[in-house]
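Have a look at the structure below before the remarks.
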Amino acid sequence: MSQILVAEDDQHILRVISLWLSRQGHDVLEAPNGLAAWKLAQEHRPAIIITDINMPGMDGLELLDKIHEHEHKPRGIVVLTNRWDHREIGQKLAERGVWVVPKPFSPKKLSSMIEELDKHTTAPTT
Amino acid sequence: MNKGQEFNLVQTLIGQCSGASDSRLGVVGPTVEPPMPPAACLRTCLKGDSARIGVDGCTWLRGMASGSFNATALMEGACPRGFEAAARVVRLKGGTGYLLSVSDASRTPDPAESADSALERIDRASRAIETTARLLDENEGLADEVLRSYEQLNLIFDFTQQIASLINTKEIVHALLSRLGETLSANTVLVVNSAGLYRAYDVPNRIWVSDGDLSLLSTDLIDEIEAVRKSRQISVVSSPAARIALGPLSRLDNKTDVVLAIRLQHQDEFTSGDTLMIESILSFGGQIIVNSEIHGRLRRMSIESTRALVAAIDKKDHYTSGHSERVGYLARLVGRRLGLAQNELQILEMSGLLHDVGKIGIPENILCKPGKLTSEEYDIIKKHPRMGYEILKPIASFGEILDGVQYHHENPDGSGYPDGLAGPDIPLFARIIHVVDVFDALTTTRSYRVAFSIDQAREILLKESGEKLDEEVVRIFLTLLLELCEERPEAFAHIFSETSEAAHVET
């Protein structure tokens, strides 16, 4: 089971994801925006990062850039997108080796993604 | 919340509830089996103050544990003089805990007051613990609910996206049930129609496998299926080999199919969350499916009505009977070879079927004249494409087929009618219909001449290609013709018969 950082500005969705992941045995770090997520990422170097895109201050895409520049790379990154942005952004993100999941996400799909990430070190092509 | 988390929570709350410095509040929960004996509890709880509670305190706790569990009690006589102790047993998920409060009575002027404080302190703490534990549990329950809704929403989103391109009702049913099976982690999904026939979907391998009828299933299951069909309510049954959830799926004409989601014995039971999901997905899906069936039925009615109308018009001239059907058929073949989409092919076929509708306005003496037409008579015949357009224009749903009807006598070199359009200005469907119309006319006997043979027709098409007929369409049609000659479909039997060249004109 891994340490997972979750960045999401909607506090309720953040809580739901966090509770669900802890119940599956993961150690969850919660961040309400990009900046907080970046700080936690630097400090704890989580294995997996799950992030929303639209967040106040630093958004998900900026966060991805910062992580990309950092020398520690998480085992996997999952980006939660709007259904409407999904097609546009989804392709671009997948090219960067990032998993993309449209909201509301399917808990089953997210679960199996995390299982995959727990096993492998390479990010897949979606 | 698991046992460890619960215990940590309680410790935290205790820390917050401990008030005055003259008292201690502690709790010990049995995180190991067997639970800690009261004496050890006291020591752990009070950490150093255990000397203040003697053996009598242990007796107290033992008594409490076996007696009234929810009462907070002053442990009278449990402490040395100067101290008051109160205790309460707290039931946690992780086991039994003891809330203990010890206060230094000597520091407080009013003994009664200090006793109340100890009791109050414990009551406050236990209330806080119970409320928080309950809220956390509720939170988890609510989160579960939210996640279940997410799963359901995903299913609906994906399903509606998938069926956007499907017209066929059977495909829509398949799409719905395969997604449902996957979301439920079922092993198999069955759908039984009102005639007692079923199809089965193998979920792990993602394929539709067997077909069968009810006689292949157990009697109990058959009864349950019929019960669900009647009641239209979800039902869950268990057998030695499987767990089965059954639900109704609405079909046209008030019929009901029954869907079975089957899990193997070693898989989890169907929870109420699962059955709720099945119910709402089938209800939603049923509406979509009935709509699709209505749509299909209307489309068939429309096509069949059109065919009947067209056949009637064709029969005005004995020799043109079946002509429009054949033109529609051939046009569709050409369209398919050109790679047109399913809906475009339908429009093309309809266009071909209706291309000569305007002939209804042509007097029979001209239409069926055995000899050559005068130029006035020919001018009247040339009106039929525009007339067809005028007849069909008011029918809004026929909008897209109008081009084929109106322009099927235009020529690439601009010498056609009614408008003298040239080359690419002529709509594609019109160009296609022109070629196949000419071919069919050449290969059938008419009032004014005998039928040509296939080879003769082929030569004529080639000769006219480029000027009077679209070159590309002719090329494609002639390759199709070879295949047609091999297949020899029924409707074209007349062109393959040996006697077509020497056809006797009947009057």
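The way I read the labels, and the way they are meant: chains A, B, ... in the order of the structure tokens, residue 1 as the first residue of every chain, and ligand 1 as the first ligand shown, with later ones counted on from there.
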
Using DSSP secondary structure from the backbone, list all alpha helix (DSSP H) positions within chain A, as a compact mmCIF listing (two decimals) with C-alpha atoms, in the first residue's frame.
# COMPACT_ATOMS: atom_id res chain seq x y z
CA GLN A 11 -13.36 19.84 0.31
CA HIS A 12 -16.14 17.28 0.13
CA ILE A 13 -14.75 15.48 -2.87
CA LEU A 14 -11.35 15.60 -1.20
CA ARG A 15 -12.83 13.96 1.91
CA VAL A 16 -14.62 11.27 -0.09
CA ILE A 17 -11.49 10.32 -2.00
CA SER A 18 -9.35 10.45 1.12
CA LEU A 19 -11.69 8.29 3.22
CA TRP A 20 -12.02 5.77 0.44
CA LEU A 21 -8.29 5.48 -0.13
CA SER A 22 -7.52 5.15 3.61
CA ARG A 23 -10.03 2.40 3.91
CA GLY A 34 -1.74 23.24 -5.91
CA LEU A 35 0.62 25.11 -3.64
CA ALA A 36 -0.20 22.98 -0.58
CA ALA A 37 0.15 19.90 -2.75
CA TRP A 38 3.54 21.03 -4.00
CA LYS A 39 4.77 21.63 -0.46
CA LEU A 40 3.56 18.21 0.68
CA ALA A 41 5.05 16.56 -2.39
CA GLN A 42 8.46 18.02 -1.72
CA GLU A 43 8.34 17.09 1.93
CA HIS A 44 6.93 13.58 1.74
CA GLY A 60 -3.05 21.00 -11.58
CA LEU A 61 -1.12 21.64 -14.78
CA GLU A 62 1.37 23.92 -13.01
CA LEU A 63 1.72 21.29 -10.32
CA LEU A 64 2.53 18.73 -12.98
CA ASP A 65 5.21 21.01 -14.40
CA LYS A 66 6.78 21.54 -10.98
CA ILE A 67 6.79 17.81 -10.30
CA HIS A 68 8.28 17.20 -13.71
CA GLU A 69 11.19 19.49 -12.91
CA ARG A 83 -15.89 15.50 -18.71
CA TRP A 84 -15.95 18.40 -21.13
CA ASP A 85 -12.21 19.10 -20.95
CA HIS A 86 -11.46 15.43 -20.95
CA ARG A 87 -11.08 14.94 -24.67
CA GLU A 88 -8.94 18.03 -25.22
CA ILE A 89 -6.68 17.75 -22.25
CA GLY A 90 -6.78 13.99 -21.94
CA GLN A 91 -4.72 13.34 -25.03
CA LYS A 92 -2.07 15.92 -24.13
CA LEU A 93 -1.70 14.61 -20.62
CA ALA A 94 -1.57 10.97 -21.69
CA GLU A 95 1.37 11.92 -23.91
CA PRO A 107 -14.11 4.15 -8.09
CA LYS A 108 -13.45 0.78 -9.70
CA LYS A 109 -11.35 2.27 -12.48
CA LEU A 110 -9.37 4.43 -10.09
CA SER A 111 -8.81 1.44 -7.80
CA SER A 112 -7.43 -0.70 -10.56
CA MET A 113 -5.24 2.17 -11.76
CA ILE A 114 -3.70 2.45 -8.32
CA GLU A 115 -3.23 -1.30 -8.15
CA GLU A 116 -1.39 -1.12 -11.47
CA LEU A 117 0.79 1.72 -10.22
CA ASP A 118 1.57 -0.21 -7.07
CA LYS A 119 2.91 -2.99 -9.22

With a distance cut-off of 9 Å and only C-alpha atoms, select the neighbouring residues of range 214-220 of chain B, excluding the residue or stretch itself and same-chain residues fewer than 2 positions from it, and output the selection as number ranges by chain. B: 192, 196-198, 212, 222-225

Could the residues in this selection be saved with N, CA and C atoms as a compact mmCIF listing (two decimals), in the first residue's frame?
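Okay, this is what ended up in result.txt:
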# COMPACT_ATOMS: atom_id res chain seq x y z
N VAL B 192 -33.60 -12.44 -20.59
CA VAL B 192 -34.65 -13.38 -21.04
C VAL B 192 -35.81 -12.57 -21.59
N GLY B 196 -39.41 -16.30 -23.74
CA GLY B 196 -38.69 -17.33 -23.01
C GLY B 196 -37.33 -17.66 -23.60
N LEU B 197 -36.84 -16.82 -24.49
CA LEU B 197 -35.51 -17.04 -25.06
C LEU B 197 -34.50 -16.15 -24.36
N TYR B 198 -33.28 -16.63 -24.19
CA TYR B 198 -32.30 -15.79 -23.53
C TYR B 198 -30.98 -15.71 -24.29
N GLY B 212 -30.31 -19.45 -25.64
CA GLY B 212 -30.98 -20.65 -25.15
C GLY B 212 -32.41 -20.35 -24.88
N ILE B 222 -36.78 -20.43 -13.33
CA ILE B 222 -37.82 -20.04 -14.29
C ILE B 222 -38.97 -19.35 -13.56
N ASP B 223 -39.38 -19.96 -12.44
CA ASP B 223 -40.47 -19.36 -11.66
C ASP B 223 -40.10 -17.96 -11.20
N GLU B 224 -38.86 -17.82 -10.73
CA GLU B 224 -38.42 -16.52 -10.23
C GLU B 224 -38.41 -15.50 -11.35
N ILE B 225 -37.96 -15.92 -12.52
CA ILE B 225 -37.93 -15.02 -13.68
C ILE B 225 -39.33 -14.53 -14.02

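For the pair CA of Pro102 in chain A and CA of Asp59 in chain A, the interatomic distance is 16.5 Å.
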
Just give me the gap between CA of Pro489 in chain B and CA of Ser321 in chain B in Å, one decimal is fine. 16.7 Å

Could you name the residues that touch range 345-362 of chain B at 6 Å or less, counting only C-alpha atoms, but leaving out those on the same chain fewer than 6 positions away, as a ChimeraX atom specification? /B:324-325,327-328,332,384-385,387-388,401,404-405

Residue subset to file, keeping C-alpha atoms, as a PDB file, in the first residue's frame:
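Resulting contents of out_29.pdb:
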ATOM      1  CA  SER B 324     -37.760   2.032 -58.525  1.00  0.00           C
ATOM      2  CA  GLU B 325     -37.008  -0.775 -56.094  1.00  0.00           C
ATOM      3  CA  VAL B 327     -32.791   1.634 -58.667  1.00  0.00           C
ATOM      4  CA  GLY B 328     -32.854   2.095 -54.891  1.00  0.00           C
ATOM      5  CA  ARG B 332     -27.273   1.680 -52.260  1.00  0.00           C
ATOM      6  CA  HIS B 384     -41.026  14.656 -63.838  1.00  0.00           C
ATOM      7  CA  PRO B 385     -37.875  15.307 -61.757  1.00  0.00           C
ATOM      8  CA  MET B 387     -42.539  17.464 -60.214  1.00  0.00           C
ATOM      9  CA  GLY B 388     -41.180  14.797 -57.916  1.00  0.00           C
ATOM     10  CA  ILE B 401     -33.493  12.964 -50.599  1.00  0.00           C
ATOM     11  CA  GLY B 404     -31.488  12.781 -55.876  1.00  0.00           C
ATOM     12  CA  VAL B 405     -35.065  13.132 -57.051  1.00  0.00           C
TER      13      VAL B 405
END

Identify, with DSSP run on backbone atoms, the residues in range 103-276 of chain B assigned to strand (DSSP E), and express the list as number ranges by chain. B: 103-104, 188-192, 197-202, 207-213, 235-238, 242-250, 256-264

As an exercise, work out the distance from CA of Asp213 in chain B to CA of Thr188 in chain B in Å and give it to one decimal place.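 Straight-line distance from CA of Asp213 in chain B to CA of Thr188 in chain B works out to 16.0 Å.
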
Could you list, with a cut-off of 8 Å and counting only C-alpha atoms, the residues of chain B near chain A, each shown with its nearest atom pair and the distance in Å rounded to one decimal, rows sorted by chain and ascending number, as a tab-separated table?
residue	atom	partner	partner_atom	distance
B:Met1	CA	A:Arg23	CA	7.9
B:Glu140	CA	A:Leu19	CA	6.9
B:Ala143	CA	A:Val16	CA	5.2
B:Asp144	CA	A:Trp20	CA	7.7
B:Val146	CA	A:Val16	CA	7.6
B:Leu147	CA	A:Pro107	CA	6.5
B:Tyr150	CA	A:Pro104	CA	5.5
B:Glu151	CA	A:Ser106	CA	4.8
B:Leu153	CA	A:Pro104	CA	7.2
B:Asn154	CA	A:Ser106	CA	5.8
B:Thr183	CA	A:Lys108	CA	7.9

For Leu176 in chain B, which of B:Leu338, B:Ala245, B:Ile476, B:Ile288 is the closest residue, counting only C-alpha atoms?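 For Leu176 in chain B, the nearest of the given residues is B:Ile288.
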
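Excluding Asp317 in chain B itself and any same-chain residue fewer than 5 positions from it, the protein and nucleic acid residues within 9 Å of it, counting only C-alpha atoms, are Glu364, Leu367, Cys368, Arg446 and Ser447 of chain B.
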
Emit the selected residues as a PDB file, in the first residue's frame, including N, CA and C atoms.
ATOM      1  N   GLU B 364     -50.743   9.054 -68.921  1.00  0.00           N
ATOM      2  CA  GLU B 364     -50.365   7.694 -69.291  1.00  0.00           C
ATOM      3  C   GLU B 364     -50.112   7.519 -70.784  1.00  0.00           C
ATOM      4  N   LEU B 367     -46.579   8.435 -71.109  1.00  0.00           N
ATOM      5  CA  LEU B 367     -45.703   7.575 -70.328  1.00  0.00           C
ATOM      6  C   LEU B 367     -45.558   6.198 -70.983  1.00  0.00           C
ATOM      7  N   CYS B 368     -46.678   5.670 -71.491  1.00  0.00           N
ATOM      8  CA  CYS B 368     -46.653   4.304 -72.006  1.00  0.00           C
ATOM      9  C   CYS B 368     -46.666   4.241 -73.540  1.00  0.00           C
ATOM     10  N   ARG B 446     -39.118  -2.060 -72.533  1.00  0.00           N
ATOM     11  CA  ARG B 446     -40.039  -0.947 -72.322  1.00  0.00           C
ATOM     12  C   ARG B 446     -41.102  -0.960 -73.394  1.00  0.00           C
ATOM     13  N   SER B 447     -42.036  -0.048 -73.240  1.00  0.00           N
ATOM     14  CA  SER B 447     -43.129   0.003 -74.222  1.00  0.00           C
ATOM     15  C   SER B 447     -42.594   0.334 -75.601  1.00  0.00           C
TER      16      SER B 447
END
